[in-house]
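Participant: This is the structure I have questions about; it appears just below.
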Amino acid sequence: MKRLLILGAGTAGTMAANKLRHVLGQDEWKITIVDQDETHYYQPGFLFIPFGIYGENDVRKPKRDFVPNGVEMILSEIELIEPEENRVKIAKDERYLYYDYLIIATGTQPRPDETPGLTDGEWRKSIHDFYTFDGAIALAKKLRTWDGGRLVVNIMELPYKCPVAPLEFIFLADWFFHEKHLRDKVDLTLATPLPGAFTKPRAASLLGSTLEDKNISLVTEFYAERVEPDKKVLVSYDEDEVPYDLLVTVPVNMGADVIARSGLGDELNHVPVDKHTFLSTEYDNIFALGDAAALPTSKAGSVAHFAVEVFIENFARHIEGLPMLEKFDGHANCFIESGFGKGILIDFNYDVEPLPGKYPLPGIGPFSLLQESEMNHWGKVMFRWLYWNYLLKGREMPITAQMSMAGKWS
Ligand SMILES: Cc1cc2nc3c(=O)[nH]c(=O)nc-3n(C[C@H](O)[C@H](O)[C@H](O)COP(=O)(O)OP(=O)(O)OC[C@H]3O[C@@H](n4cnc5c(N)ncnc54)[C@H](O)[C@@H]3O)c2cc1C
């Protein structure tokens, strides 16, 4: 029996397990997946919790429900990867799991402890986050009774998962305080290290003017160094200050500590891989999928989905000794909730920035690219159902893994 070991049963690991179980013969391949947490969180849903749109049970389900028959699931912390020995040490019974091929899908996590002052006395009081389940729940509680002031959303460092989520949060905050008849008492500011509202110039221009229309201030090239919780200011490396009453932060995002402990990561614990095939730059039997991989595209569930689609065919080639096809193009696809029942959709890859047009059917849509529409909002709403019922289970979706230019205009 050959052994395939998957580390992490989040979005990428679960999809890969489902798809590979179909492709690899049961009598030839033993597939094992390890995760420390028995609950699967639908992370895009964390955005809606602070505003009371989703509740706790809208975003979580048992991981086991999504692991297919014929895949062994082990619930344990992963302690160490020893690539020279082809083995992984897990905390449960201090066991070693041996592999022929390893897929690292341990994601990236918010690390508020990386920024001085962030988790001192004011964490979850005047400083909040919505990138974790607990954070989103605590922020919902805060927003229920908050009666206004300066709300600052800030991005600590690049890269962070779902680059559009902070924008969505601030758009929804604008809507939420309008609904509560509090908008004139709330000052909204987005402080970002980017030179604009987003990385890609055309999307940045549209999103920048959307912020302006909603009377949301944008502070660009703000590299936050620390927070002074007593003074309630966010301070940059240049000693510029952004004052707040309520800070909603996107903390530094880092790959799992086990990646660093095992000597497999870059400075943020993400695994260097070939950007088209996900093969480790160091080991011929290790791949990294999803947010765990150091790739020059967005860290997002949609990217994990397109990446896994491309990976499956390549993995089948690799184990047969055939060269892999340089097929993954960095395709990312993000619905951006813009408030008041509308949304914007962007679709791009390593080489092509977001362009206007219709998606997924050229000329028909129903979704509009780089444009606000109600249908885009419904796309975002519908996505949760697709995630639980199709994506995670590895079922085919009627969209291509590679970005298409059909239906786009420049
Ligand atoms: C607020 C928010 C909004 C988002 N919105 C969107 C969106 O609209 N669209 C979109 O495409 N994406 C969105 N994302 C991003 C998306 O959720 C992630 O990119 C996606 O989940 C990445 O999948 P992954 O498998 O790489 O990592 P994860 O799904 O995070 O899975 C990693 C798994 O590894 C496990 N793990 C890690 N370390 C260890 C260890 N040492 N031992 C054992 N297990 C371990 C974890 O428990 C976890 O289950 C959003 C994310 C957030 C936080």
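Just remember, in the structure tokens the first chain shown is A, the second B, etc., residues are 1-based per chain, and ligands are 1-based in the order shown.
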Find the spatial neighbours of segment 342-347 of chain A, counting only C-alpha atoms, within a cut-off of 7 Å - ignore same-chain residues fewer than 3 positions away - and output them as a VMD selection string.
Facilitator: chain A and resid 332 to 339 354 368 to 374 376 to 377
Participant: Could you give me the residues within segment 340-409 of chain A that DSSP places in strand (DSSP E or B), as number ranges by chain?
Facilitator: A: 342-348, 357-361, 365-369, 372-373, 408
Participant: With a distance cut-off of 9 Å and only C-alpha atoms, select the neighbouring residues of segment 137-147 of chain A, excluding the residue or stretch itself and same-chain residues fewer than 2 positions from it, and output the selection as a list in words.
Facilitator: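 Once the nearby chain positions are removed, what remains is Phe46, Ile49, Pro50, Phe51, Gly52, Gly55, Glu56, Arg124, Lys125, Ser126, His128, Asp129, Phe130, Thr132, Phe133, Asp134, Gly135, Gly149, Leu182, Lys185, Val186, Leu246 and Val248 of chain A.
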Participant: Would you write out those residues with C-alpha atoms, as a compact mmCIF listing (two decimals), in the first residue's frame?
Facilitator:
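So again-v8.txt came out as:
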```
# COMPACT_ATOMS: atom_id res chain seq x y z
CA PHE A 46 -17.39 35.09 9.93
CA ILE A 49 -21.68 37.31 12.33
CA PRO A 50 -20.75 40.74 13.80
CA PHE A 51 -23.77 42.27 12.05
CA GLY A 52 -26.21 39.61 13.24
CA GLY A 55 -25.48 33.02 13.80
CA GLU A 56 -23.03 30.49 15.23
CA ARG A 124 -12.01 41.95 22.83
CA LYS A 125 -12.92 45.20 24.63
CA SER A 126 -12.01 48.15 22.38
CA HIS A 128 -11.63 43.21 18.09
CA ASP A 129 -11.22 40.92 15.10
CA PHE A 130 -13.60 38.98 12.88
CA THR A 132 -11.82 33.86 14.00
CA PHE A 133 -15.09 32.32 15.15
CA ASP A 134 -14.62 33.58 18.73
CA GLY A 135 -13.59 37.02 17.48
CA GLY A 149 -17.38 56.95 17.66
CA LEU A 182 -26.37 55.69 14.00
CA LYS A 185 -22.40 59.15 14.97
CA VAL A 186 -19.86 56.74 13.43
CA LEU A 246 -13.19 50.72 18.32
CA VAL A 248 -11.35 46.02 14.20
```
Participant: So which bits of segment 84-278 of chain A end up helix (DSSP H, G or I) when you DSSP the backbone, as a ChimeraX atom specification?
Facilitator: /A:92-94,112-114,133-145,165-179,183-185,201-213,257-261
Participant: Return as a PyMOL selection string the residues of protein, DNA or RNA that approach ligand 1 to within 8 Å, with only C-alpha atoms and all ligand atoms taken into account.
Facilitator: chain A and resi 7-14+34-37+39-47+75-79+90+105-109+130-132+161-162+164-165+255-258+289-293+299-304+332-336+380
